[in-house]
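Participant: Below is the file model_8.txt, with compact mmCIF, C-alpha atoms.
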```txt
# COMPACT_ATOMS: atom_id res chain seq x y z
CA MET T 160 -85.17 -11.98 79.05
CA ALA T 161 -85.30 -12.08 82.82
CA ASP T 162 -82.15 -14.21 82.76
CA GLN T 163 -80.40 -11.53 80.77
CA VAL T 164 -81.55 -8.61 82.93
CA GLY T 165 -80.74 -10.40 86.17
CA PRO T 166 -76.95 -10.57 85.93
CA LYS T 167 -76.84 -7.13 84.32
CA LYS T 168 -78.81 -5.70 87.21
CA ARG T 169 -76.59 -7.47 89.69
CA ARG T 170 -73.52 -6.08 87.93
CA GLY T 171 -75.12 -2.67 88.00
CA VAL T 172 -75.78 -2.82 91.71
CA LEU T 173 -72.34 -4.23 92.35
CA GLY T 174 -70.87 -1.58 90.11
CA VAL T 175 -72.64 1.23 91.96
CA PHE T 176 -71.55 -0.27 95.26
CA ARG T 177 -67.98 -0.47 94.03
CA ASP T 178 -68.11 3.14 92.88
CA ILE T 179 -69.40 4.25 96.27
CA VAL T 180 -66.64 2.36 98.05
CA TYR T 181 -64.12 3.80 95.58
CA GLY T 182 -65.50 7.30 96.13
CA LEU T 183 -65.31 6.94 99.91
CA SER T 184 -61.94 5.30 100.12
CA SER T 185 -59.66 5.70 97.11
CA HIS T 186 -60.92 8.66 95.13
CA GLU T 187 -59.02 11.20 97.19
CA MET T 188 -55.83 9.17 96.91
CA THR T 189 -56.28 8.79 93.18
CA ARG T 190 -56.81 12.52 92.86
CA HIS T 191 -53.65 13.11 94.87
CA ALA T 192 -51.69 10.71 92.66
CA VAL T 193 -52.99 12.37 89.50
CA ARG T 194 -52.20 15.84 90.81
CA THR T 195 -48.71 14.88 91.88
CA ARG T 196 -48.24 13.30 88.48
CA ALA T 197 -49.35 16.57 86.83
CA SER T 198 -46.89 18.60 88.92
CA MET T 199 -44.12 16.23 87.94
CA GLU T 200 -45.15 16.59 84.31
CA HIS T 201 -44.67 20.34 84.64
CA LEU T 202 -41.31 19.84 86.27
CA PHE T 203 -40.38 17.50 83.44
CA ILE T 204 -41.36 20.05 80.80
CA LEU T 205 -39.39 22.72 82.66
CA ILE T 206 -36.28 20.56 82.59
CA THR T 207 -36.62 19.59 78.96
CA MET T 208 -38.27 22.65 77.41
CA GLY T 209 -36.91 25.32 79.76
CA ASP T 210 -35.77 27.24 76.69
CA LEU T 211 -39.39 28.28 76.13
CA LEU T 212 -39.17 30.35 79.32
CA GLY T 213 -35.56 31.35 78.78
CA VAL T 214 -34.13 28.63 81.04
CA PRO T 215 -31.98 26.39 78.82
CA ILE T 216 -31.22 23.12 80.56
CA LEU T 217 -31.24 20.19 78.15
CA PRO T 218 -29.46 20.87 74.83
CA PRO T 219 -32.01 21.81 72.18
CA TYR T 220 -31.02 19.05 69.78
CA TYR T 221 -32.30 16.43 72.17
CA SER T 222 -35.17 18.39 73.71
CA LEU T 223 -36.65 18.77 70.21
CA ARG T 224 -37.04 15.00 70.09
CA LEU T 225 -39.31 15.17 73.15
CA LEU T 226 -41.25 18.23 72.00
CA PRO T 227 -43.94 16.39 70.00
CA TYR T 228 -44.97 14.39 73.08
CA VAL T 229 -45.48 17.40 75.32
CA THR T 230 -46.92 19.76 72.69
CA PRO T 231 -50.50 19.66 74.07
CA GLN T 232 -49.31 20.42 77.62
CA ILE T 233 -47.09 23.40 76.73
CA ALA T 234 -49.79 26.10 76.95
CA GLY T 235 -51.06 24.93 80.36
CA TRP T 236 -47.55 24.50 81.64
CA LYS T 237 -46.50 28.03 80.64
CA ARG T 238 -49.63 29.47 82.25
CA ARG T 239 -48.82 27.67 85.47
CA MET T 240 -45.14 28.59 85.45
CA LEU T 241 -45.60 32.24 84.62
CA ARG T 242 -48.74 33.13 86.56
CA GLU T 243 -48.40 35.53 89.45
CA ARG T 244 -48.35 34.00 92.84
CA ASP T 245 -49.52 35.37 96.16
CA VAL T 246 -49.89 34.26 99.76
CA THR T 247 -53.00 32.18 99.04
CA ASP T 248 -50.81 29.83 96.98
CA VAL T 249 -48.89 28.95 100.11
CA LEU T 250 -52.11 28.39 102.04
CA GLY T 251 -53.57 26.33 99.18
CA MET M 183 7.27 3.07 66.08
CA SER M 184 6.39 4.42 62.63
CA LEU M 185 2.91 5.38 61.48
CA ARG M 186 2.74 2.26 59.37
CA THR M 187 3.69 0.03 62.28
CA VAL M 188 0.89 1.57 64.35
CA PHE M 189 -1.65 0.54 61.68
CA ASP M 190 -0.07 -2.87 61.16
CA SER M 191 0.11 -3.73 64.85
CA HIS M 192 -3.37 -2.42 65.76
CA PRO M 193 -5.76 -3.47 62.98
CA GLU M 194 -8.65 -3.27 65.47
CA ARG M 195 -8.32 0.51 65.70
CA ARG M 196 -10.79 1.37 62.98
CA TYR M 197 -11.69 4.92 63.93
CA ILE M 198 -8.80 7.15 62.97
CA MET M 199 -8.70 10.82 63.88
CA PHE M 200 -6.21 13.56 63.22
CA GLY M 201 -6.50 16.52 65.53
CA GLY M 202 -4.70 19.80 65.90
CA LYS M 203 -5.01 23.49 65.37
CA GLY M 204 -6.43 24.77 62.11
CA GLY M 205 -4.17 24.79 59.07
CA LEU M 206 -1.59 22.26 60.32
CA GLY M 207 -2.51 19.59 57.79
CA LYS M 208 -5.25 17.48 59.41
CA THR M 209 -7.09 17.11 56.13
CA THR M 210 -3.86 16.33 54.25
CA LEU M 211 -2.99 13.56 56.71
CA SER M 212 -6.56 12.22 56.76
CA ALA M 213 -6.66 12.03 52.96
CA THR M 214 -3.15 10.57 52.72
CA THR M 215 -3.85 7.87 55.31
CA ALA M 216 -7.18 7.09 53.63
CA VAL M 217 -5.56 6.71 50.20
CA TRP M 218 -2.82 4.46 51.61
CA LEU M 219 -5.24 2.21 53.54
CA ALA M 220 -7.45 1.93 50.44
CA SER M 221 -4.40 0.93 48.38
CA GLN M 222 -3.84 -1.86 50.93
CA GLY M 223 -7.27 -3.27 50.07
CA LYS M 224 -9.16 -1.84 53.05
CA ARG M 225 -12.56 -0.27 52.58
CA VAL M 226 -12.15 3.26 53.85
CA LEU M 227 -14.48 6.18 54.47
CA VAL M 228 -12.86 9.55 55.11
CA PHE M 229 -15.42 12.03 56.34
CA SER M 230 -15.79 15.49 57.74
CA VAL M 231 -18.57 17.36 59.48
CA ASP M 232 -16.82 20.70 59.46
CA PRO M 233 -18.84 23.40 57.69
CA GLN M 234 -15.52 24.65 56.32
CA ALA M 235 -14.43 21.17 55.31
CA SER M 236 -11.65 20.83 52.81
CA LEU M 237 -12.02 17.23 51.62
CA SER M 238 -13.68 18.62 48.48
CA ASP M 239 -10.62 20.79 47.93
CA ILE M 240 -8.02 18.12 48.55
CA PHE M 241 -9.74 15.53 46.32
CA GLN M 242 -10.68 18.29 43.86
CA ARG M 243 -14.26 17.05 43.72
CA ASP M 244 -17.40 18.70 45.03
CA ILE M 245 -18.65 16.18 47.58
CA PHE M 246 -20.32 18.55 50.08
CA GLY M 247 -23.65 17.17 51.31
CA LYS M 248 -23.68 14.38 48.72
CA GLY M 249 -23.25 11.33 50.97
CA PRO M 250 -20.29 8.94 50.55
CA VAL M 251 -18.70 9.67 47.14
CA PRO M 252 -16.32 7.06 45.63
CA ILE M 253 -12.84 8.55 45.08
CA VAL M 254 -10.68 5.58 44.08
CA GLN M 255 -11.14 1.85 44.54
CA ASN M 256 -12.02 1.07 48.20
CA LEU M 257 -12.12 4.76 49.15
CA TRP M 258 -15.14 6.94 49.77
CA ALA M 259 -15.20 10.51 50.99
CA GLN M 260 -18.08 12.32 52.65
CA GLU M 261 -18.69 15.87 53.80
CA VAL M 262 -21.73 16.28 56.02
CA ASP M 263 -23.77 19.43 55.53
CA ALA M 264 -24.53 20.15 59.21
CA ASP M 265 -26.86 23.08 58.45
CA ARG M 266 -28.92 20.96 56.08
CA ARG M 267 -29.06 18.23 58.69
CA ILE M 268 -30.37 20.61 61.34
CA LYS M 269 -33.01 21.95 58.94
CA ASP M 270 -34.14 18.43 58.02
CA TYR M 271 -34.29 17.52 61.69
CA GLN M 272 -36.46 20.54 62.51
CA GLU M 273 -38.76 19.63 59.63
CA GLU M 274 -39.00 16.07 60.93
CA ILE M 275 -40.08 17.35 64.37
CA ARG M 276 -42.74 19.62 62.80
CA LYS M 277 -44.07 16.75 60.74
CA LYS M 278 -44.22 14.49 63.78
CA ILE M 279 -46.29 17.05 65.69
CA LEU M 280 -48.69 17.43 62.75
CA ASP M 281 -49.02 13.66 62.37
CA MET M 282 -49.49 12.99 66.08
CA TYR M 283 -52.25 15.51 66.67
CA GLY M 284 -53.72 15.98 63.20
CA PHE M 285 -53.03 19.73 63.31
CA GLU M 286 -53.32 21.78 60.15
CA ARG M 287 -50.18 23.64 61.14
CA VAL M 288 -47.75 23.64 64.04
CA PRO M 289 -48.90 26.01 66.85
CA GLU M 290 -47.03 29.30 66.52
CA GLU M 291 -45.38 29.14 69.92
CA ILE M 292 -44.06 25.63 69.28
CA ASP M 293 -42.94 26.55 65.80
CA ASN M 294 -41.01 29.55 67.11
CA TYR M 295 -39.31 27.32 69.64
CA ILE M 296 -38.27 24.85 66.94
CA ALA M 297 -36.95 27.69 64.79
CA ALA M 298 -35.07 29.33 67.67
CA ALA M 299 -33.45 26.04 68.72
CA SER M 300 -31.16 26.11 65.69
CA ALA M 301 -29.60 29.35 66.94
CA GLU M 302 -28.34 27.63 70.10
CA PRO M 303 -24.57 27.02 69.98
CA ALA M 304 -24.96 23.53 71.44
CA MET M 305 -27.29 22.60 68.58
CA GLU M 306 -24.53 22.36 66.01
CA GLU M 307 -22.16 20.29 68.14
CA SER M 308 -24.92 17.86 69.04
CA ALA M 309 -26.09 17.63 65.42
CA ILE M 310 -22.52 17.05 64.24
CA PHE M 311 -21.81 14.28 66.69
CA ASP M 312 -25.19 12.71 65.99
CA ALA M 313 -24.28 12.72 62.30
CA VAL M 314 -21.02 10.94 63.14
CA VAL M 315 -22.96 8.21 64.98
CA ASP M 316 -25.19 7.78 61.91
CA ILE M 317 -22.19 7.46 59.61
CA ILE M 318 -20.50 4.88 61.78
CA VAL M 319 -23.65 2.89 62.53
CA GLN M 320 -24.85 2.71 58.92
CA GLY M 321 -21.61 2.05 57.06
CA ASP M 322 -19.65 -1.15 56.64
CA TYR M 323 -16.16 0.17 56.16
CA ASP M 324 -12.95 -1.29 57.56
CA TYR M 325 -11.70 2.16 58.51
CA TYR M 326 -13.40 5.43 59.34
CA ILE M 327 -11.10 8.40 59.08
CA TYR M 328 -12.58 11.39 60.79
CA ASP M 329 -11.24 14.71 59.59
CA LEU M 330 -12.01 16.27 62.93
CA VAL M 331 -13.56 19.65 63.58
CA PRO M 332 -11.21 21.99 65.46
CA LEU M 333 -10.16 20.62 68.82
CA GLY M 334 -12.28 23.02 70.85
CA HIS M 335 -15.50 21.56 69.46
CA ALA M 336 -14.49 18.02 70.27
CA LEU M 337 -13.47 18.96 73.81
CA TYR M 338 -16.63 20.97 74.34
CA TYR M 339 -18.74 18.08 73.17
CA LEU M 340 -16.88 15.55 75.30
CA SER M 341 -17.28 17.68 78.41
CA MET M 342 -20.95 18.30 77.61
CA ALA M 343 -21.54 14.61 76.92
CA LYS M 344 -20.77 13.83 80.56
CA VAL M 345 -23.15 16.54 81.77
CA TYR M 346 -25.87 15.46 79.31
CA ASP M 347 -25.51 11.89 80.45
CA GLU M 348 -26.04 12.89 84.09
CA TRP M 349 -29.02 15.00 83.12
CA ILE M 350 -30.64 12.29 81.08
CA ASN M 351 -30.25 9.92 84.04
CA LYS M 352 -32.02 12.41 86.29
CA ILE M 353 -34.78 13.11 83.79
CA THR M 354 -35.27 9.40 83.20
CA LYS M 355 -35.58 8.85 86.95
CA LEU M 356 -38.22 11.59 87.15
CA ARG M 357 -40.09 10.03 84.26
CA GLU M 358 -40.01 6.63 85.98
CA ASP M 359 -41.35 8.17 89.18
CA MET M 360 -44.15 9.72 87.15
CA ARG M 361 -44.94 6.35 85.75
CA GLN M 362 -45.35 4.94 89.24
CA TYR M 363 -47.99 7.57 89.99
CA ASP M 364 -49.76 6.61 86.75
CA GLN M 365 -49.66 3.04 87.91
CA VAL M 366 -51.10 3.92 91.34
CA ALA M 367 -53.95 5.94 89.81
CA ALA M 368 -54.69 3.17 87.30
CA THR M 369 -54.75 0.49 89.99
CA MET M 370 -57.11 2.49 92.17
CA ARG M 371 -59.43 3.07 89.25
CA ARG M 372 -59.19 -0.65 88.53
CA GLU M 373 -57.83 0.01 85.05
CA GLN M 374 -55.96 -2.93 83.62
CA THR M 375 -53.20 -1.26 81.66
CA ILE M 376 -51.53 2.07 81.26
CA GLU M 377 -50.16 3.44 78.01
CA GLU M 378 -46.53 2.93 77.21
CA ASP M 379 -44.55 6.08 78.01
CA ARG M 380 -43.03 7.03 74.69
CA ILE M 381 -41.03 9.82 76.30
CA LEU M 382 -39.25 7.20 78.39
CA SER M 383 -38.23 5.31 75.26
CA GLU M 384 -37.09 8.55 73.60
CA LEU M 385 -34.93 9.32 76.66
CA THR M 386 -33.34 5.89 76.43
CA TYR M 387 -32.66 6.51 72.74
CA ILE M 388 -31.09 9.93 73.46
CA LYS M 389 -28.89 8.42 76.15
CA GLU M 390 -27.66 5.73 73.78
CA ARG M 391 -26.87 8.29 71.08
CA ILE M 392 -24.91 10.54 73.46
CA ASN M 393 -22.96 7.59 74.79
CA ALA M 394 -22.30 6.25 71.29
CA SER M 395 -20.96 9.57 70.02
CA SER M 396 -18.67 10.18 72.97
CA SER M 397 -17.47 6.58 73.02
CA ILE M 398 -16.27 6.89 69.43
CA LEU M 399 -13.81 9.50 70.67
CA THR M 400 -12.84 7.60 73.79
CA ASP M 401 -12.85 3.92 72.81
CA ARG M 402 -9.32 2.81 73.64
CA ALA M 403 -9.61 -0.42 71.70
CA ARG M 404 -11.01 0.88 68.45
CA THR M 405 -9.94 4.53 68.23
CA ALA M 406 -6.60 6.01 67.27
CA PHE M 407 -6.18 9.74 67.76
CA PHE M 408 -3.14 11.45 66.28
CA PHE M 409 -2.07 15.00 66.98
CA VAL M 410 -0.64 16.95 64.08
CA VAL M 411 2.11 19.40 65.06
CA VAL M 412 4.57 21.59 63.17
CA PRO M 413 8.00 22.56 64.48
CA GLU M 414 7.02 25.94 65.91
CA GLU M 415 6.97 27.07 69.51
CA MET M 416 3.33 28.08 69.89
CA ILE M 417 2.05 24.97 68.19
CA ILE M 418 4.11 22.72 70.50
CA LEU M 419 2.86 24.54 73.59
CA ASP M 420 -0.77 24.37 72.41
CA THR M 421 -0.47 20.70 71.55
CA VAL M 422 0.91 19.86 75.00
CA LYS M 423 -2.06 21.66 76.59
CA ALA M 424 -4.59 20.05 74.26
CA ALA M 425 -3.08 16.59 74.82
CA ALA M 426 -3.43 17.03 78.59
CA LEU M 427 -7.08 18.03 78.18
CA PHE M 428 -7.79 15.14 75.84
CA SER M 429 -6.21 12.67 78.25
CA LYS M 430 -8.48 14.02 80.96
CA PHE M 431 -11.45 13.02 78.82
CA ASP M 432 -9.92 9.58 78.15
CA VAL M 433 -9.23 10.18 74.47
CA PRO M 434 -6.63 7.53 73.54
CA ILE M 435 -3.73 9.44 71.98
CA SER M 436 -1.86 7.20 69.55
CA GLY M 437 0.95 9.57 68.74
CA TYR M 438 2.14 12.79 67.19
CA ILE M 439 2.84 13.52 63.55
CA VAL M 440 5.23 16.33 62.76
CA ASN M 441 4.20 18.07 59.58
CA ARG M 442 5.90 20.62 57.33
CA VAL M 443 9.47 19.57 58.08
CA LEU M 444 11.90 21.30 55.71
CA PRO M 445 13.99 18.64 53.90
CA ALA M 446 17.53 18.31 55.31
CA GLU M 447 19.08 18.42 51.83
CA LEU M 448 18.06 22.09 51.56
CA ASP M 449 20.70 23.01 54.12
CA ARG M 450 23.64 22.69 51.72
CA GLY M 451 25.92 25.21 50.12
CA ASN M 452 25.07 28.85 49.78
CA ILE M 453 21.50 29.31 50.84
CA PRO M 454 19.69 32.59 51.58
CA ALA M 455 19.76 33.75 55.21
CA TYR M 456 15.95 33.55 55.36
CA LEU M 457 15.95 29.86 54.54
CA ARG M 458 18.90 29.19 56.86
CA ASN M 459 17.05 30.88 59.72
CA ARG M 460 13.93 28.81 59.06
CA ILE M 461 15.97 25.62 59.03
CA THR M 462 17.79 26.54 62.25
CA MET M 463 14.48 27.39 63.90
CA GLN M 464 12.95 24.10 62.83
CA GLN M 465 15.95 22.12 64.07
CA LYS M 466 15.61 23.73 67.46
CA TYR M 467 11.91 22.91 67.70
CA LEU M 468 12.33 19.44 66.24
CA GLN M 469 14.72 18.81 69.10
CA GLU M 470 12.11 20.12 71.49
CA ILE M 471 9.44 17.89 69.93
CA THR M 472 11.70 14.87 70.42
CA THR M 473 12.28 15.67 74.08
CA THR M 474 8.61 16.54 74.69
CA PHE M 475 6.82 13.71 72.88
CA LYS M 476 9.70 11.20 72.88
CA GLN M 477 8.87 7.84 71.33
CA ASP M 478 5.29 8.92 70.62
CA VAL M 479 6.37 10.79 67.49
CA ARG M 480 5.07 8.59 64.66
CA ALA M 481 6.24 10.44 61.57
CA TYR M 482 8.01 13.48 60.19
CA VAL M 483 6.21 14.71 57.12
CA PRO M 484 8.33 16.72 54.71
CA GLU M 485 7.25 20.09 53.40
CA MET M 486 6.40 19.27 49.81
CA GLU M 487 7.41 21.47 46.90
CA ARG M 488 3.77 22.41 46.36
CA ASP M 489 0.47 22.15 48.24
CA VAL M 490 -1.02 18.68 48.56
CA THR M 491 -4.17 18.65 46.44
CA GLY M 492 -5.31 16.13 43.88
CA LEU M 493 -4.76 12.38 43.91
CA PRO M 494 -1.26 12.23 42.37
CA MET M 495 0.12 14.53 45.08
CA ILE M 496 -1.72 12.65 47.86
CA GLU M 497 -0.37 9.34 46.53
CA ARG M 498 3.16 10.71 46.48
CA LEU M 499 2.88 11.82 50.08
CA ALA M 500 1.35 8.45 51.05
CA GLN M 501 4.29 6.72 49.40
CA ARG M 502 6.79 8.81 51.39
CA LEU M 503 4.86 8.47 54.63
CA PHE M 504 4.01 4.78 54.59
CA THR M 505 6.08 2.91 52.04
CA ASP M 506 9.49 4.57 51.88
CA ASP M 507 9.29 4.92 55.64
CA LYS M 508 11.63 7.86 55.23
CA GLY M 509 9.30 9.94 57.29
CA ALA M 510 9.20 7.39 60.06
CA ALA M 511 10.64 8.21 63.39
```
Could I get this structure in the form of structure tokens?
Facilitator:
Amino acid sequence: MADQVGPKKRRGVLGVFRDIVYGLSSHEMTRHAVRTRASMEHLFILITMGDLLGVPILPPYYSLRLLPYVTPQIAGWKRRMLRERDVTDVLG
Amino acid sequence: MSLRTVFDSHPERRYIMFGGKGGLGKTTLSATTAVWLASQGKRVLVFSVDPQASLSDIFQRDIFGKGPVPIVQNLWAQEVDADRRIKDYQEEIRKKILDMYGFERVPEEIDNYIAAASAEPAMEESAIFDAVVDIIVQGDYDYYIYDLVPLGHALYYLSMAKVYDEWINKITKLREDMRQYDQVAATMRREQTIEEDRILSELTYIKERINASSSILTDRARTAFFFVVVPEEMIILDTVKAAALFSKFDVPISGYIVNRVLPAELDRGNIPAYLRNRITMQQKYLQEITTTFKQDVRAYVPEMERDVTGLPMIERLAQRLFTDDKGAA
């Protein structure tokens, strides 16, 4: 029993330590990468599904092929594209 | 070089197209060439994607939207129903969305977008050329004779194909950049693998399809494109312009076929002034055709005593055009 708990505990401690190091060092970078990725995703949807906002770019025959893959993101993307912007956006 | 010699000396040119303004006899020449090649033992598919296609009329069989229909031995004819194809395609996309996310029904906004897409003018051209790729990829014929949609569509598609290709390259690049960010985030989180980007594979597929459809029109080794002209001033002028545009898009022009030539034997004895005037006019423009297109004129097709519909009439014309070689230049 003790043999089984031992390594698990060690892994747990190591795991927590790793998480702390990750939180201190890489978390911010990861967040940045994920956010940049999300912005690019919105740019991608704009290029391929621009028709939804009245900006036709890619011909519809081909953009329809991509539509199923971006379906869940469409609502969020439209909100972001069409929301009003003010000076705080620039500051943010 | 006669039309027959062109086929005999270039057996590798398997995609045959007749282009020209509406009503000049593209369908007649497509059907005639198809019947002749089939009689030579070649497996031939003559097809059209024009919503106002007339292959049904010339073969006097209803073949619209029915896939390849056998006409005579070695010859099949097919008329693609582009509208049906677009509807099926839209349905396929809806079904994919339902399957992927287990929705009960497609979200209204998405559904509206799918429905509205069919109203786009580019939709039909893309669907048509995609259908052509399907036909050529799936079949195993020796010759594909494409009863072409009016020239404008083909030119529009060719010019768009270049733009689409550039766009797809840019979009693919963006998608690849996105993938790098995924990779960075995954590495930092110590995740082993990231999901395959299915959008990236779809983009590659789209690129291949666009390239395949435009290369059918521009493949110098395998494509033969013939312009159909009639001896009239406006048609000659239009053909010269169209030929220049087609050359710009690298469409290999294999020659010109002069249709509706009044038989020389008509110009004998006492003939009505109307007919004499027509003959004189044609002679003038035939001269002009010779000086304009020179040795690229492949055949002079006589005006027949009645319209060319039904197999016996097509076979007669094929005989005159390919076997008697009377029509040859």
Participant: CA of Ile327 in chain M and CA of Val226 in chain M are how many Å apart?
Facilitator: 7.4 Å
Participant: Can you tell me which residues surround Glu415 in chain M at a distance of at most 12 Å, considering only C-alpha atoms, apart from same-chain residues fewer than 6 positions away, and format the answer as JSON, numbers by chain?
Facilitator: {"M": [421, 422, 463, 464, 465, 466, 467, 468, 469, 470, 471, 474]}
Participant: So that all listed atoms of range 251-256 of chain M fit with 3 Å spare on each side, what axis-aligned box centre and edge lengths in Å, to one decimal, would you give as AutoDock Vina command-line options?
Facilitator:
```
--center_x -14.7 --center_y 5.4 --center_z 46.1 --size_x 14.0 --size_y 14.6 --size_z 10.1
```
Participant: Can you list, as a VMD selection string, every protein, DNA or RNA residue that comes within 8 Å of Leu206 in chain M when you count only C-alpha atoms, leaving out same-chain residues fewer than 2 positions away?
Facilitator: chain M and resid 202 to 204 208 410 to 412 441
Participant: List the spatial neighbours of range 187-200 of chain T as an MDAnalysis selection string - criterion: any atom at most 8 Å away, only C-alpha atoms, same-chain residues fewer than 5 positions off excluded.
Facilitator: (chainID T and resid 182) or (chainID M and resid 356 360 363:364 366:367 370:371)
Participant: Taking only residues of chain M that have an atom at most 9 Å from an atom of chain T, what is each one's shortest atom pair and its distance in Å to one decimal, using all atoms listed in the file, in chain and number order, as a Markdown table?
Facilitator:
```
| residue | atom | partner | partner_atom | distance |
| --- | --- | --- | --- | --- |
| M:Ile268 | CA | T:Tyr220 | CA | 8.6 |
| M:Tyr271 | CA | T:Tyr220 | CA | 8.9 |
| M:Gln272 | CA | T:Leu223 | CA | 7.9 |
| M:Ile275 | CA | T:Arg224 | CA | 6.9 |
| M:Arg276 | CA | T:Pro227 | CA | 8.0 |
| M:Lys278 | CA | T:Pro227 | CA | 6.5 |
| M:Ile279 | CA | T:Pro227 | CA | 5.0 |
| M:Leu280 | CA | T:Pro227 | CA | 8.7 |
| M:Met282 | CA | T:Pro227 | CA | 7.6 |
| M:Tyr283 | CA | T:Pro231 | CA | 8.7 |
| M:Pro289 | CA | T:Thr230 | CA | 8.8 |
| M:Glu291 | CA | T:Leu211 | CA | 8.7 |
| M:Ile292 | CA | T:Thr230 | CA | 7.4 |
| M:Tyr295 | CA | T:Leu211 | CA | 6.6 |
| M:Ile296 | CA | T:Leu223 | CA | 7.1 |
| M:Ala299 | CA | T:Pro219 | CA | 5.7 |
| M:Ser300 | CA | T:Pro219 | CA | 7.8 |
| M:Glu302 | CA | T:Pro219 | CA | 7.2 |
| M:Ala304 | CA | T:Pro218 | CA | 6.2 |
| M:Met305 | CA | T:Tyr220 | CA | 5.3 |
| M:Glu306 | CA | T:Tyr220 | CA | 8.2 |
| M:Ser308 | CA | T:Tyr220 | CA | 6.3 |
| M:Ala309 | CA | T:Tyr220 | CA | 6.7 |
| M:Tyr346 | CA | T:Leu217 | CA | 7.2 |
| M:Trp349 | CA | T:Leu217 | CA | 7.5 |
| M:Ile350 | CA | T:Leu217 | CA | 8.4 |
| M:Ile353 | CA | T:Phe203 | CA | 7.1 |
| M:Leu356 | CA | T:Phe203 | CA | 7.3 |
| M:Arg357 | CA | T:Phe203 | CA | 7.5 |
| M:Asp359 | CA | T:Met199 | CA | 8.6 |
| M:Met360 | CA | T:Arg196 | CA | 5.6 |
| M:Arg361 | CA | T:Arg196 | CA | 8.2 |
| M:Gln362 | CA | T:Arg196 | CA | 8.9 |
| M:Tyr363 | CA | T:Ala192 | CA | 5.5 |
| M:Asp364 | CA | T:Arg196 | CA | 7.1 |
| M:Val366 | CA | T:Ala192 | CA | 6.9 |
| M:Ala367 | CA | T:Thr189 | CA | 5.0 |
| M:Ala368 | CA | T:Thr189 | CA | 8.3 |
| M:Met370 | CA | T:Ser185 | CA | 6.4 |
| M:Arg371 | CA | T:Thr189 | CA | 7.6 |
| M:Arg380 | CA | T:Tyr228 | CA | 7.8 |
| M:Ile381 | CA | T:Leu225 | CA | 6.4 |
| M:Glu384 | CA | T:Leu225 | CA | 7.0 |
| M:Leu385 | CA | T:Leu225 | CA | 8.1 |
| M:Ile388 | CA | T:Tyr221 | CA | 6.7 |
```
Participant: Using C-alpha atoms, can you write the selected residues to a file as an mmCIF file, in the frame of the given file?
Facilitator:
```cif
data_model
loop_
_atom_site.group_PDB
_atom_site.id
_atom_site.type_symbol
_atom_site.label_atom_id
_atom_site.label_comp_id
_atom_site.auth_asym_id
_atom_site.auth_seq_id
_atom_site.Cartn_x
_atom_site.Cartn_y
_atom_site.Cartn_z
ATOM 1 C CA ILE M 268 -30.370 20.610 61.340
ATOM 2 C CA TYR M 271 -34.290 17.520 61.690
ATOM 3 C CA GLN M 272 -36.460 20.540 62.510
ATOM 4 C CA ILE M 275 -40.080 17.350 64.370
ATOM 5 C CA ARG M 276 -42.740 19.620 62.800
ATOM 6 C CA LYS M 278 -44.220 14.490 63.780
ATOM 7 C CA ILE M 279 -46.290 17.050 65.690
ATOM 8 C CA LEU M 280 -48.690 17.430 62.750
ATOM 9 C CA MET M 282 -49.490 12.990 66.080
ATOM 10 C CA TYR M 283 -52.250 15.510 66.670
ATOM 11 C CA PRO M 289 -48.900 26.010 66.850
ATOM 12 C CA GLU M 291 -45.380 29.140 69.920
ATOM 13 C CA ILE M 292 -44.060 25.630 69.280
ATOM 14 C CA TYR M 295 -39.310 27.320 69.640
ATOM 15 C CA ILE M 296 -38.270 24.850 66.940
ATOM 16 C CA ALA M 299 -33.450 26.040 68.720
ATOM 17 C CA SER M 300 -31.160 26.110 65.690
ATOM 18 C CA GLU M 302 -28.340 27.630 70.100
ATOM 19 C CA ALA M 304 -24.960 23.530 71.440
ATOM 20 C CA MET M 305 -27.290 22.600 68.580
ATOM 21 C CA GLU M 306 -24.530 22.360 66.010
ATOM 22 C CA SER M 308 -24.920 17.860 69.040
ATOM 23 C CA ALA M 309 -26.090 17.630 65.420
ATOM 24 C CA TYR M 346 -25.870 15.460 79.310
ATOM 25 C CA TRP M 349 -29.020 15.000 83.120
ATOM 26 C CA ILE M 350 -30.640 12.290 81.080
ATOM 27 C CA ILE M 353 -34.780 13.110 83.790
ATOM 28 C CA LEU M 356 -38.220 11.590 87.150
ATOM 29 C CA ARG M 357 -40.090 10.030 84.260
ATOM 30 C CA ASP M 359 -41.350 8.170 89.180
ATOM 31 C CA MET M 360 -44.150 9.720 87.150
ATOM 32 C CA ARG M 361 -44.940 6.350 85.750
ATOM 33 C CA GLN M 362 -45.350 4.940 89.240
ATOM 34 C CA TYR M 363 -47.990 7.570 89.990
ATOM 35 C CA ASP M 364 -49.760 6.610 86.750
ATOM 36 C CA VAL M 366 -51.100 3.920 91.340
ATOM 37 C CA ALA M 367 -53.950 5.940 89.810
ATOM 38 C CA ALA M 368 -54.690 3.170 87.300
ATOM 39 C CA MET M 370 -57.110 2.490 92.170
ATOM 40 C CA ARG M 371 -59.430 3.070 89.250
ATOM 41 C CA ARG M 380 -43.030 7.030 74.690
ATOM 42 C CA ILE M 381 -41.030 9.820 76.300
ATOM 43 C CA GLU M 384 -37.090 8.550 73.600
ATOM 44 C CA LEU M 385 -34.930 9.320 76.660
ATOM 45 C CA ILE M 388 -31.090 9.930 73.460
#
```
Participant: As an exercise, work out the distance from CA of Phe200 in chain M to CA of Ala406 in chain M in Å and give it to one decimal place.
Facilitator: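 Here the two named atoms are 8.6 Å from each other.
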Participant: Quick one: residues within 8 Å of Trp218 in chain M, only C-alpha atoms counted, chain neighbours fewer than 4 positions away excluded, as a VMD selection string?
Facilitator: chain M and resid 214 222 497 500 to 501 504
